[in-house]
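Dropping protein25.cif in here (mmCIF, C-alpha atoms):
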```cif
data_model
loop_
_atom_site.label_atom_id
_atom_site.label_comp_id
_atom_site.auth_asym_id
_atom_site.auth_seq_id
_atom_site.Cartn_x
_atom_site.Cartn_y
_atom_site.Cartn_z
CA MET A 1 254.66 -108.02 -42.82
CA SER A 2 256.96 -109.71 -45.30
CA ASP A 3 258.30 -107.72 -48.26
CA THR A 4 257.15 -110.58 -50.49
CA PRO A 5 253.39 -110.40 -51.12
CA LYS A 6 251.49 -113.45 -49.96
CA ALA A 7 250.30 -115.69 -52.79
CA PHE A 8 246.62 -116.61 -52.53
CA PRO A 9 245.25 -119.55 -54.53
CA PRO A 10 243.15 -118.23 -57.42
CA ARG A 11 239.43 -118.23 -56.74
CA ILE A 12 236.62 -116.52 -58.66
CA PHE A 13 233.58 -115.03 -56.93
CA SER A 14 230.68 -113.09 -58.36
CA GLY A 15 227.06 -112.44 -57.53
CA ILE A 16 223.88 -111.11 -59.07
CA GLN A 17 221.04 -109.44 -57.19
CA PRO A 18 217.71 -111.30 -57.43
CA SER A 19 215.66 -108.24 -58.24
CA GLY A 20 213.60 -110.06 -60.87
CA GLY A 21 213.87 -110.33 -64.62
CA LEU A 22 217.18 -111.52 -66.06
CA THR A 23 218.02 -109.76 -69.32
CA LEU A 24 220.35 -110.25 -72.27
CA GLY A 25 222.64 -107.81 -70.47
CA ASN A 26 222.88 -110.14 -67.47
CA TYR A 27 223.60 -113.06 -69.78
CA LEU A 28 226.30 -111.43 -71.91
CA GLY A 29 227.78 -109.30 -69.15
CA ALA A 30 227.81 -111.97 -66.46
CA LEU A 31 226.28 -115.44 -66.88
CA LYS A 32 228.04 -116.31 -70.14
CA ARG A 33 231.40 -115.37 -68.68
CA PHE A 34 230.63 -117.24 -65.45
CA VAL A 35 230.08 -120.40 -67.49
CA GLN A 36 233.35 -119.92 -69.37
CA ALA A 37 235.23 -119.46 -66.09
CA GLN A 38 234.23 -122.99 -65.02
CA ASP A 39 236.62 -124.36 -67.64
CA GLN A 40 239.68 -122.42 -66.46
CA GLY A 41 240.63 -124.84 -63.70
CA ILE A 42 239.96 -122.21 -61.00
CA GLU A 43 237.42 -122.63 -58.21
CA THR A 44 234.28 -120.66 -59.07
CA ILE A 45 231.74 -119.40 -56.51
CA TYR A 46 228.50 -117.80 -57.70
CA CYS A 47 225.93 -116.21 -55.46
CA MET A 48 222.42 -114.80 -55.54
CA VAL A 49 222.96 -111.75 -53.34
CA ASP A 50 219.54 -111.61 -51.72
CA LEU A 51 220.76 -109.56 -48.74
CA HIS A 52 221.66 -106.80 -51.20
CA ALA A 53 218.16 -106.97 -52.64
CA ILE A 54 216.54 -105.96 -49.34
CA THR A 55 218.44 -102.66 -49.14
CA VAL A 56 215.20 -101.45 -50.72
CA TRP A 57 211.84 -102.92 -49.71
CA GLN A 58 210.92 -106.18 -51.44
CA ASP A 59 207.70 -108.13 -51.52
CA PRO A 60 208.77 -111.32 -49.69
CA ALA A 61 206.99 -113.75 -52.03
CA LYS A 62 208.37 -111.98 -55.11
CA LEU A 63 211.88 -111.99 -53.65
CA ARG A 64 211.75 -115.75 -53.04
CA HIS A 65 210.49 -116.27 -56.62
CA ALA A 66 213.17 -113.98 -58.05
CA THR A 67 215.91 -115.79 -56.12
CA ARG A 68 214.82 -119.17 -57.43
CA GLU A 69 214.35 -117.84 -60.96
CA LEU A 70 217.85 -116.38 -60.86
CA ALA A 71 219.20 -119.75 -59.74
CA ALA A 72 217.34 -121.36 -62.64
CA GLY A 73 218.93 -118.77 -64.95
CA PHE A 74 222.42 -119.62 -63.69
CA ILE A 75 221.87 -123.33 -64.27
CA ALA A 76 220.09 -122.92 -67.61
CA ALA A 77 222.93 -120.71 -68.87
CA GLY A 78 225.38 -123.53 -68.13
CA ILE A 79 226.52 -123.19 -64.52
CA ASP A 80 227.06 -126.72 -63.23
CA PRO A 81 226.35 -126.88 -59.47
CA ALA A 82 228.76 -129.81 -59.26
CA ARG A 83 231.66 -127.80 -60.74
CA SER A 84 230.80 -124.39 -59.30
CA ILE A 85 229.48 -123.45 -55.87
CA LEU A 86 226.01 -121.94 -56.39
CA PHE A 87 224.03 -120.57 -53.44
CA ASN A 88 222.08 -117.61 -52.10
CA GLN A 89 223.92 -115.19 -49.86
CA SER A 90 221.58 -115.20 -46.85
CA GLN A 91 222.23 -118.91 -46.22
CA VAL A 92 225.89 -118.23 -45.35
CA PRO A 93 226.16 -116.12 -42.15
CA ALA A 94 229.77 -115.09 -42.80
CA HIS A 95 228.65 -112.53 -45.38
CA ALA A 96 226.73 -110.39 -42.89
CA GLN A 97 229.20 -111.01 -40.06
CA LEU A 98 232.25 -109.99 -42.08
CA ALA A 99 230.30 -107.00 -43.43
CA TRP A 100 230.16 -105.64 -39.86
CA ILE A 101 233.94 -105.88 -39.55
CA PHE A 102 234.21 -103.98 -42.84
CA ASN A 103 231.71 -101.38 -41.61
CA CYS A 104 234.33 -100.65 -38.98
CA VAL A 105 237.22 -100.59 -41.48
CA ALA A 106 235.71 -98.57 -44.35
CA ARG A 107 235.58 -94.80 -44.02
CA MET A 108 232.45 -92.68 -44.42
CA GLY A 109 234.17 -90.59 -47.07
CA TRP A 110 234.80 -93.66 -49.20
CA LEU A 111 231.12 -94.61 -49.17
CA LYS A 112 229.98 -91.07 -49.89
CA ARG A 113 231.93 -91.18 -53.15
CA MET A 114 230.06 -94.23 -54.42
CA THR A 115 228.16 -93.06 -57.51
CA GLN A 116 225.64 -95.94 -57.39
CA PHE A 117 224.33 -94.79 -54.01
CA LYS A 118 223.86 -91.29 -55.39
CA ASP A 119 222.04 -92.70 -58.43
CA LYS A 120 219.77 -95.03 -56.44
CA ALA A 121 219.04 -92.69 -53.54
CA GLY A 122 218.45 -89.70 -55.81
CA LYS A 123 217.45 -86.42 -54.24
CA ASN A 124 215.94 -88.15 -51.21
CA ALA A 125 219.19 -89.60 -49.85
CA GLU A 126 218.24 -88.81 -46.24
CA ASN A 127 215.35 -91.26 -46.57
CA ALA A 128 217.44 -94.08 -48.05
CA SER A 129 218.21 -97.10 -45.86
CA THR A 130 221.57 -97.33 -44.13
CA GLY A 131 221.85 -100.71 -45.86
CA LEU A 132 221.77 -99.03 -49.27
CA PHE A 133 224.49 -96.63 -48.14
CA ALA A 134 226.73 -99.33 -46.65
CA TYR A 135 226.06 -102.13 -49.11
CA PRO A 136 229.49 -101.76 -50.80
CA ASN A 137 230.93 -103.02 -47.49
CA LEU A 138 228.69 -106.09 -47.76
CA MET A 139 229.83 -106.53 -51.35
CA ALA A 140 233.42 -106.47 -50.12
CA ALA A 141 232.51 -109.08 -47.51
CA ASP A 142 230.89 -111.26 -50.18
CA ILE A 143 234.23 -111.40 -51.95
CA MET A 144 236.64 -111.48 -49.03
CA ALA A 145 234.70 -114.18 -47.13
CA TYR A 146 236.18 -116.59 -49.69
CA HIS A 147 239.56 -114.90 -50.18
CA ALA A 148 238.50 -114.52 -53.81
CA THR A 149 241.25 -113.21 -56.07
CA HIS A 150 239.24 -112.44 -59.21
CA VAL A 151 235.75 -111.01 -59.67
CA PRO A 152 234.02 -110.78 -63.07
CA VAL A 153 232.13 -107.49 -63.05
CA GLY A 154 230.58 -105.00 -65.40
CA GLU A 155 232.05 -101.53 -65.78
CA ASP A 156 229.36 -100.11 -63.48
CA GLN A 157 230.66 -102.21 -60.55
CA LYS A 158 234.33 -101.35 -61.01
CA GLN A 159 234.18 -98.58 -58.37
CA HIS A 160 232.90 -101.08 -55.79
CA LEU A 161 235.79 -103.42 -56.59
CA GLU A 162 238.18 -100.55 -55.99
CA LEU A 163 236.53 -100.02 -52.60
CA THR A 164 236.94 -103.73 -51.83
CA ARG A 165 240.65 -103.40 -52.59
CA ASP A 166 240.87 -100.34 -50.31
CA ILE A 167 239.11 -102.17 -47.46
CA ALA A 168 241.34 -105.23 -47.80
CA ALA A 169 244.49 -103.09 -47.90
CA LYS A 170 243.43 -101.03 -44.88
CA PHE A 171 242.54 -104.13 -42.83
CA ASN A 172 245.89 -105.72 -43.67
CA HIS A 173 247.74 -102.51 -42.82
CA ASP A 174 245.83 -101.81 -39.58
CA TYR A 175 246.47 -105.28 -38.19
CA GLY A 176 249.92 -105.88 -39.71
CA VAL A 177 248.83 -108.95 -41.66
CA GLU A 178 248.50 -110.15 -45.24
CA PHE A 179 245.17 -111.77 -44.59
CA PHE A 180 242.92 -110.49 -47.37
CA PRO A 181 243.96 -110.63 -51.04
CA ILE A 182 243.86 -107.50 -53.20
CA VAL A 183 241.21 -108.66 -55.63
CA GLU A 184 241.46 -108.19 -59.40
CA PRO A 185 238.39 -107.17 -61.42
CA VAL A 186 237.85 -109.18 -64.61
CA ILE A 187 236.25 -106.96 -67.27
CA GLU A 188 236.38 -108.42 -70.75
CA GLY A 189 234.34 -109.30 -73.82
CA ALA A 190 232.56 -107.38 -76.57
CA ALA A 191 229.34 -106.78 -74.64
CA THR A 192 230.22 -106.39 -70.97
CA ARG A 193 227.82 -103.44 -71.01
CA VAL A 194 224.74 -104.14 -73.12
CA MET A 195 222.72 -101.08 -74.00
CA SER A 196 218.99 -100.49 -74.44
CA LEU A 197 217.41 -101.54 -77.74
CA ARG A 198 215.52 -98.21 -77.72
CA ASP A 199 218.39 -95.90 -76.71
CA GLY A 200 221.99 -96.93 -77.31
CA THR A 201 223.27 -94.42 -74.75
CA LYS A 202 221.51 -96.12 -71.83
CA LYS A 203 222.25 -99.47 -70.24
CA MET A 204 219.78 -102.30 -70.88
CA SER A 205 217.72 -102.48 -67.70
CA LYS A 206 214.84 -104.48 -66.32
CA SER A 207 213.57 -101.25 -64.73
CA ASP A 208 213.02 -99.52 -68.08
CA PRO A 209 209.27 -98.91 -68.56
CA SER A 210 209.45 -100.23 -72.14
CA ASP A 211 209.72 -103.99 -72.45
CA MET A 212 210.92 -103.42 -76.03
CA SER A 213 214.11 -101.88 -74.61
CA ARG A 214 215.42 -105.23 -73.45
CA ILE A 215 215.50 -108.94 -74.14
CA ASN A 216 214.43 -110.94 -71.11
CA LEU A 217 215.74 -114.46 -70.64
CA THR A 218 212.10 -115.43 -70.12
CA ASP A 219 211.20 -114.16 -73.64
CA ASP A 220 210.26 -116.85 -76.15
CA ALA A 221 211.76 -117.08 -79.65
CA ASP A 222 209.09 -114.90 -81.26
CA ALA A 223 209.54 -112.11 -78.70
CA ILE A 224 213.34 -112.19 -79.04
CA ALA A 225 213.15 -111.94 -82.83
CA GLN A 226 210.52 -109.20 -82.78
CA LYS A 227 212.44 -107.01 -80.33
CA LEU A 228 215.67 -107.22 -82.32
CA ARG A 229 213.95 -106.55 -85.64
CA LYS A 230 212.31 -103.47 -84.10
CA ALA A 231 215.44 -102.29 -82.28
CA ARG A 232 216.23 -98.64 -82.86
CA THR A 233 218.88 -97.95 -85.51
CA ASP A 234 219.92 -95.15 -87.85
CA PRO A 235 219.36 -95.04 -91.64
CA GLU A 236 222.98 -95.64 -92.63
CA PRO A 237 224.35 -99.11 -93.51
CA LEU A 238 226.95 -100.69 -91.26
CA PRO A 239 230.38 -99.12 -91.83
CA GLU A 240 233.33 -100.82 -93.52
CA ALA A 241 235.53 -100.22 -90.45
CA LEU A 242 234.80 -100.43 -86.73
CA ASP A 243 235.69 -96.80 -86.03
CA GLY A 244 232.69 -95.86 -88.17
CA LEU A 245 230.49 -96.88 -85.20
CA ALA A 246 232.01 -94.30 -82.85
CA GLU A 247 229.09 -91.85 -83.12
CA ARG A 248 226.40 -94.47 -83.76
CA PRO A 249 225.45 -95.92 -80.33
CA GLU A 250 222.49 -98.08 -81.48
CA ALA A 251 224.43 -99.62 -84.35
CA ARG A 252 227.45 -100.19 -82.11
CA ASN A 253 225.28 -101.89 -79.50
CA LEU A 254 223.80 -104.35 -82.01
CA VAL A 255 227.24 -105.15 -83.44
CA ASN A 256 228.59 -105.78 -79.93
CA ILE A 257 225.62 -108.03 -79.10
CA TYR A 258 226.18 -110.06 -82.27
CA ALA A 259 229.90 -110.37 -81.49
CA ALA A 260 229.28 -111.51 -77.91
CA LEU A 261 226.63 -114.06 -78.89
CA ALA A 262 228.78 -115.46 -81.72
CA ASP A 263 232.05 -115.41 -79.70
CA ILE A 264 233.77 -113.29 -82.32
CA SER A 265 235.18 -109.76 -82.28
CA PRO A 266 233.24 -106.68 -83.38
CA GLU A 267 235.84 -106.35 -86.15
CA ASP A 268 234.80 -109.77 -87.44
CA VAL A 269 231.15 -108.70 -87.47
CA ILE A 270 232.01 -105.59 -89.50
CA ALA A 271 234.12 -107.68 -91.87
CA GLN A 272 231.08 -109.88 -92.50
CA TYR A 273 228.31 -107.27 -92.59
CA GLY A 274 230.06 -103.95 -93.35
CA GLY A 275 228.28 -102.06 -96.10
CA GLN A 276 225.02 -103.93 -95.55
CA GLY A 277 221.86 -102.32 -94.24
CA PHE A 278 219.99 -103.28 -91.10
CA GLY A 279 217.41 -105.03 -93.25
CA ALA A 280 220.00 -107.78 -93.65
CA PHE A 281 221.80 -107.49 -90.32
CA LYS A 282 218.85 -107.46 -87.92
CA PRO A 283 217.31 -110.75 -89.13
CA ALA A 284 220.75 -112.39 -88.89
CA LEU A 285 221.15 -111.06 -85.35
CA ALA A 286 217.62 -112.21 -84.44
CA ASP A 287 218.32 -115.73 -85.72
CA LEU A 288 221.58 -115.89 -83.76
CA ALA A 289 219.93 -114.62 -80.57
CA VAL A 290 217.09 -117.13 -80.83
CA GLU A 291 219.59 -119.95 -81.40
CA LYS A 292 221.55 -119.00 -78.27
CA LEU A 293 218.78 -117.82 -75.93
CA ALA A 294 215.70 -119.94 -76.68
CA PRO A 295 217.25 -123.09 -75.10
CA ILE A 296 218.04 -121.09 -71.94
CA ASN A 297 214.44 -119.89 -71.79
CA ALA A 298 213.12 -123.43 -72.16
CA GLU A 299 215.44 -124.83 -69.48
CA MET A 300 214.57 -122.04 -67.04
CA SER A 301 210.88 -122.85 -67.51
CA ARG A 302 211.54 -126.54 -66.85
CA LEU A 303 213.59 -125.85 -63.72
CA MET A 304 210.97 -123.52 -62.27
CA GLN A 305 208.47 -126.37 -62.31
CA ASP A 306 210.40 -127.93 -59.40
CA VAL A 307 211.39 -125.25 -56.90
CA ALA A 308 212.14 -127.90 -54.27
CA GLU A 309 215.01 -129.11 -56.46
CA ILE A 310 216.28 -125.55 -56.84
CA ASP A 311 216.16 -125.13 -53.05
CA ARG A 312 218.08 -128.39 -52.63
CA ILE A 313 220.80 -127.20 -55.02
CA LEU A 314 221.09 -123.86 -53.23
CA GLY A 315 221.23 -125.59 -49.84
CA GLU A 316 224.06 -127.87 -50.96
CA GLY A 317 225.90 -124.91 -52.44
CA ALA A 318 225.49 -122.94 -49.21
CA ALA A 319 226.98 -125.80 -47.19
CA ARG A 320 230.02 -125.88 -49.50
CA ALA A 321 230.34 -122.09 -49.37
CA ASN A 322 230.09 -122.07 -45.58
CA ALA A 323 232.88 -124.64 -45.33
CA ILE A 324 235.19 -122.10 -47.00
CA ALA A 325 233.88 -118.90 -45.44
CA GLN A 326 233.55 -119.89 -41.77
CA PRO A 327 237.26 -120.66 -41.17
CA ILE A 328 238.19 -117.38 -42.88
CA LEU A 329 235.73 -115.50 -40.67
CA ASP A 330 237.09 -117.24 -37.56
CA GLN A 331 240.65 -116.21 -38.47
CA CYS A 332 239.48 -112.65 -39.12
CA TYR A 333 237.81 -112.49 -35.69
CA ASP A 334 241.01 -113.76 -34.08
CA ILE A 335 243.05 -111.07 -35.85
CA VAL A 336 240.65 -108.34 -34.71
CA GLY A 337 240.74 -109.65 -31.12
CA LEU A 338 237.22 -110.99 -30.74
CA VAL A 339 236.94 -113.84 -28.25
CA ARG A 340 235.79 -117.09 -29.85
CA SER A 341 234.90 -120.28 -27.97
CA ARG A 342 236.47 -123.39 -29.40
CA PRO A 343 234.82 -126.85 -29.31
#
```
Encoding of this model in structure tokens:
Amino acid sequence: MSDTPKAFPPRIFSGIQPSGGLTLGNYLGALKRFVQAQDQGIETIYCMVDLHAITVWQDPAKLRHATRELAAGFIAAGIDPARSILFNQSQVPAHAQLAWIFNCVARMGWLKRMTQFKDKAGKNAENASTGLFAYPNLMAADIMAYHATHVPVGEDQKQHLELTRDIAAKFNHDYGVEFFPIVEPVIEGAATRVMSLRDGTKKMSKSDPSDMSRINLTDDADAIAQKLRKARTDPEPLPEALDGLAERPEARNLVNIYAALADISPEDVIAQYGGQGFGAFKPALADLAVEKLAPINAEMSRLMQDVAEIDRILGEGAARANAIAQPILDQCYDIVGLVRSRP
């Protein structure tokens, strides 16, 4: 290999699992940043990772609905299918095919260190699917099938990005090539990790039994406002300086949400509302959230009235994605030594 690292053209890839129920956390931690990336002059590829969803059993009809609803969420949030490639993972065979190559590159010890598998499998790990255990290899394939160089992720996915880097580096080393880029995670913004409205120490999750713990992108304006006005807080007013939030997780979460929705820093929020009680801050946050989220809710509802149009958009996106991924897969197979017939 050359001493000079190969330069790969910048390309952004990211995906969200269609497990049903987009939340404010998905919007602020992912969708909003995906939309902003469209304006950076870099090719952007966004995927509904439905193959990841089936690592645990899914009701087929609900999975199809969730995949289309997620696509509607992408578009309603501002993803333009003409400027970004938008598709669902299972329509592009290269994802699963490259994942097998990576199954043979990644080491068992690497996968056993993945904390998300331990969290999801729990005490009954022996009964978990092999797909759940190996899905970080599929995630690596999702990224490397496009030679993506940057991946916007939340903090909880950073470990999987590190594994992707390890797999790419080991493949390159084993075969004496500079074929796969060493991807860079993109973690930025005031609310990359949005916390529960009922417990500021826990991540906002669609699996939480309490619907009051989260804001769903399918919530209407009244529900959004009600949930934020009833969000758990402490009795103290907002501090005059940001470091005053260090031991106040619920207050810090609401300040971060306001900052992310308003595209300002948490310091700016404190400068505006420091010293004021939540009786003033919560209504202001509710108004801001309704202003930003209610149009997304309305557009998602409109799009879901025509699932055939959503399917058409995903099909076109898959064709564009396949045009990038298939040649990369073919080159990878050649490097590994797999015989390929040529037209």
### Query
Evaluating the PyMOL selection byres ((chain A and resi 28) around 10) on the displayed file yields which residues, as an NGL selection string?
:A and (23-27 or 29-34 or 189-194 or 257 or 260-261)
### Task
Give me the residues within 10 Å of Arg64 (chain A) as a PyMOL selection string, counting only C-alpha atoms and dropping any in the same chain fewer than 6 places off.
chain A and resi 18-20+50+58+70
#### Entry: Straight-line distance linking CA of Ser84 (chain A) with CA of Thr44 (chain A), stated in Å to one decimal
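Between CA of Ser84 (chain A) and CA of Thr44 (chain A) the gap works out to 5.1 Å.
If you measure from each of A:Ala284, A:Ile16, A:Ile264, A:Val339 to Ala53 (chain A) using only C-alpha atoms, the closest one turns out to be A:Ile16.
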Contacts between region 139-149 of chain A and region 10-121 of chain A, please, where a residue of region 10-121 of chain A counts if it comes within 6 Å (with all atoms listed in the file); show its shortest atom pair and distance in Å to one decimal, rows by chain and ascending number, as a tab-separated table.
```
residue	atom	partner	partner_atom	distance
A:Pro10	CA	A:Thr149	CA	5.5
A:Arg11	CA	A:Ala148	CA	4.8
A:Ile12	CA	A:Ala148	CA	5.6
A:Phe13	CA	A:Ala148	CA	5.8
A:His95	CA	A:Asp142	CA	5.4
A:Leu98	CA	A:Ala141	CA	5.5
A:Ala99	CA	A:Ala141	CA	5.1
```
Excluding Lys170 (chain A) and its own-chain neighbours fewer than 5 positions away, which residues fall within 12 Å of it when counting all atoms listed in the file? Please give them as an mmCIF file with C-alpha atoms, keeping the file's coordinate frame.
```cif
data_model
loop_
_atom_site.group_PDB
_atom_site.id
_atom_site.type_symbol
_atom_site.label_atom_id
_atom_site.label_comp_id
_atom_site.auth_asym_id
_atom_site.auth_seq_id
_atom_site.Cartn_x
_atom_site.Cartn_y
_atom_site.Cartn_z
ATOM 1 C CA ILE A 101 233.940 -105.880 -39.550
ATOM 2 C CA PHE A 102 234.210 -103.980 -42.840
ATOM 3 C CA CYS A 104 234.330 -100.650 -38.980
ATOM 4 C CA VAL A 105 237.220 -100.590 -41.480
ATOM 5 C CA ALA A 106 235.710 -98.570 -44.350
ATOM 6 C CA ARG A 107 235.580 -94.800 -44.020
ATOM 7 C CA LEU A 163 236.530 -100.020 -52.600
ATOM 8 C CA THR A 164 236.940 -103.730 -51.830
ATOM 9 C CA ARG A 165 240.650 -103.400 -52.590
ATOM 10 C CA TYR A 175 246.470 -105.280 -38.190
ATOM 11 C CA GLY A 176 249.920 -105.880 -39.710
ATOM 12 C CA VAL A 177 248.830 -108.950 -41.660
ATOM 13 C CA GLU A 178 248.500 -110.150 -45.240
ATOM 14 C CA PHE A 179 245.170 -111.770 -44.590
ATOM 15 C CA PHE A 180 242.920 -110.490 -47.370
ATOM 16 C CA PRO A 181 243.960 -110.630 -51.040
ATOM 17 C CA ILE A 182 243.860 -107.500 -53.200
#
```
### Message
the PyMOL selection byres ((chain A and resi 110) around 12) - which residues does that actually catch in the file I just gave you? List them as a list in words.
### Response
Asn103, Val105, Ala106, Arg107, Met108, Gly109, Leu111, Lys112, Arg113, Met114, Thr115, Phe117, Phe133, Ala134, Pro136, Asn137, Gln159, His160, Glu162, Leu163, Thr164, Arg165, Asp166 and Ile167 of chain A
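Going from CA of Met204 (chain A) over to CA of Ser265 (chain A), you cover 20.6 Å.
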### Query
So which residues touch Leu285 (chain A) within 10 Å, counting only C-alpha atoms, skipping near sequence neighbours fewer than 5 positions away, as number ranges by chain?
A: 225, 228-229, 254-255, 257-259, 261-262, 278, 280, 290-291
#### Entry: Shell of 12 Å around Thr218 (chain A), all atoms listed in the file, local chain residues under 3 positions omitted, as a VMD selection string
chain A and resid 20 to 24 27 69 to 70 72 to 73 76 206 211 214 to 215 221 to 224 290 293 to 302 304
### Message
For a quick check of your reading of the model, name the residues lying within 10 Å of the coordinate (219.4, -96.1, -76.2), counting only C-alpha atoms, and write them as an MDAnalysis selection string.
### Response
chainID A and resid 195:204 213 231:233 249:250 253
### Task
Considering all atoms listed in the file, state which residue in the set A:Thr67, A:Gln89, A:Gln276, A:Gln157 is at the smallest distance from Tyr46 (chain A).
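Closest to Tyr46 (chain A), using all atoms listed in the file: A:Gln89.
The space separating CA of Val151 (chain A) from CA of His52 (chain A) comes to 17.0 Å.
Among A:Asp219, A:Asp39, A:Glu309, A:Asp268, the residue with the shortest atom-to-atom distance to Ala289 (chain A), counting all atoms listed in the file, is A:Asp219.
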Expected file for region 97-158 of chain A keeping C-alpha atoms, as a PDB file, in the first residue's frame:
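What landed in part-v6.pdb:
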```
ATOM      1  CA  GLN A  97     -23.957  -9.497   0.607  1.00  0.00           C
ATOM      2  CA  LEU A  98     -21.226  -7.228   1.954  1.00  0.00           C
ATOM      3  CA  ALA A  99     -22.352  -8.046   5.502  1.00  0.00           C
ATOM      4  CA  TRP A 100     -21.324 -11.672   4.868  1.00  0.00           C
ATOM      5  CA  ILE A 101     -17.841 -10.563   3.840  1.00  0.00           C
ATOM      6  CA  PHE A 102     -17.654  -8.535   7.055  1.00  0.00           C
ATOM      7  CA  ASN A 103     -18.890 -11.522   9.071  1.00  0.00           C
ATOM      8  CA  CYS A 104     -15.697 -13.174   7.887  1.00  0.00           C
ATOM      9  CA  VAL A 105     -13.510 -10.143   8.694  1.00  0.00           C
ATOM     10  CA  ALA A 106     -14.850  -9.113  12.115  1.00  0.00           C
ATOM     11  CA  ARG A 107     -13.711 -11.070  15.157  1.00  0.00           C
ATOM     12  CA  MET A 108     -16.021 -12.686  17.704  1.00  0.00           C
ATOM     13  CA  GLY A 109     -14.298 -10.803  20.506  1.00  0.00           C
ATOM     14  CA  TRP A 110     -15.126  -7.477  18.875  1.00  0.00           C
ATOM     15  CA  LEU A 111     -18.827  -8.315  18.721  1.00  0.00           C
ATOM     16  CA  LYS A 112     -18.902  -9.623  22.273  1.00  0.00           C
ATOM     17  CA  ARG A 113     -17.798  -6.191  23.482  1.00  0.00           C
ATOM     18  CA  MET A 114     -20.761  -4.434  21.884  1.00  0.00           C
ATOM     19  CA  THR A 115     -22.783  -2.988  24.771  1.00  0.00           C
ATOM     20  CA  GLN A 116     -25.998  -2.677  22.737  1.00  0.00           C
ATOM     21  CA  PHE A 117     -26.163  -6.447  22.228  1.00  0.00           C
ATOM     22  CA  LYS A 118     -25.765  -6.961  25.960  1.00  0.00           C
ATOM     23  CA  ASP A 119     -28.519  -4.410  26.635  1.00  0.00           C
ATOM     24  CA  LYS A 120     -30.953  -5.821  24.070  1.00  0.00           C
ATOM     25  CA  ALA A 121     -30.295  -9.511  24.702  1.00  0.00           C
ATOM     26  CA  GLY A 122     -30.360  -9.096  28.476  1.00  0.00           C
ATOM     27  CA  LYS A 123     -29.921 -12.164  30.633  1.00  0.00           C
ATOM     28  CA  ASN A 124     -31.248 -14.455  27.904  1.00  0.00           C
ATOM     29  CA  ALA A 125     -28.424 -13.887  25.420  1.00  0.00           C
ATOM     30  CA  GLU A 126     -28.311 -17.568  24.425  1.00  0.00           C
ATOM     31  CA  ASN A 127     -31.837 -17.196  23.037  1.00  0.00           C
ATOM     32  CA  ALA A 128     -31.098 -14.039  21.029  1.00  0.00           C
ATOM     33  CA  SER A 129     -30.899 -14.310  17.246  1.00  0.00           C
ATOM     34  CA  THR A 130     -27.514 -14.541  15.570  1.00  0.00           C
ATOM     35  CA  GLY A 131     -28.680 -11.536  13.548  1.00  0.00           C
ATOM     36  CA  LEU A 132     -28.911  -9.437  16.708  1.00  0.00           C
ATOM     37  CA  PHE A 133     -25.399 -10.515  17.671  1.00  0.00           C
ATOM     38  CA  ALA A 134     -23.884  -9.853  14.238  1.00  0.00           C
ATOM     39  CA  TYR A 135     -25.891  -6.804  13.241  1.00  0.00           C
ATOM     40  CA  PRO A 136     -22.943  -4.403  13.806  1.00  0.00           C
ATOM     41  CA  ASN A 137     -21.339  -6.148  10.804  1.00  0.00           C
ATOM     42  CA  LEU A 138     -24.444  -5.345   8.749  1.00  0.00           C
ATOM     43  CA  MET A 139     -24.258  -1.762   9.991  1.00  0.00           C
ATOM     44  CA  ALA A 140     -20.664  -1.624   8.781  1.00  0.00           C
ATOM     45  CA  ALA A 141     -21.800  -2.986   5.421  1.00  0.00           C
ATOM     46  CA  ASP A 142     -24.545  -0.347   5.220  1.00  0.00           C
ATOM     47  CA  ILE A 143     -21.854   2.311   5.409  1.00  0.00           C
ATOM     48  CA  MET A 144     -19.051   0.701   3.432  1.00  0.00           C
ATOM     49  CA  ALA A 145     -21.321  -0.371   0.541  1.00  0.00           C
ATOM     50  CA  TYR A 146     -21.235   3.313  -0.464  1.00  0.00           C
ATOM     51  CA  HIS A 147     -17.667   4.109   0.607  1.00  0.00           C
ATOM     52  CA  ALA A 148     -19.271   6.633   2.955  1.00  0.00           C
ATOM     53  CA  THR A 149     -16.773   8.884   4.711  1.00  0.00           C
ATOM     54  CA  HIS A 150     -19.025  10.514   7.314  1.00  0.00           C
ATOM     55  CA  VAL A 151     -21.895   9.117   9.375  1.00  0.00           C
ATOM     56  CA  PRO A 152     -24.117  11.292  11.591  1.00  0.00           C
ATOM     57  CA  VAL A 153     -24.816   9.223  14.699  1.00  0.00           C
ATOM     58  CA  GLY A 154     -25.943   9.597  18.265  1.00  0.00           C
ATOM     59  CA  GLU A 155     -23.555   8.907  21.122  1.00  0.00           C
ATOM     60  CA  ASP A 156     -25.126   5.465  21.634  1.00  0.00           C
ATOM     61  CA  GLN A 157     -23.988   4.352  18.152  1.00  0.00           C
ATOM     62  CA  LYS A 158     -20.412   5.591  18.450  1.00  0.00           C
TER      63      LYS A 158
END
```
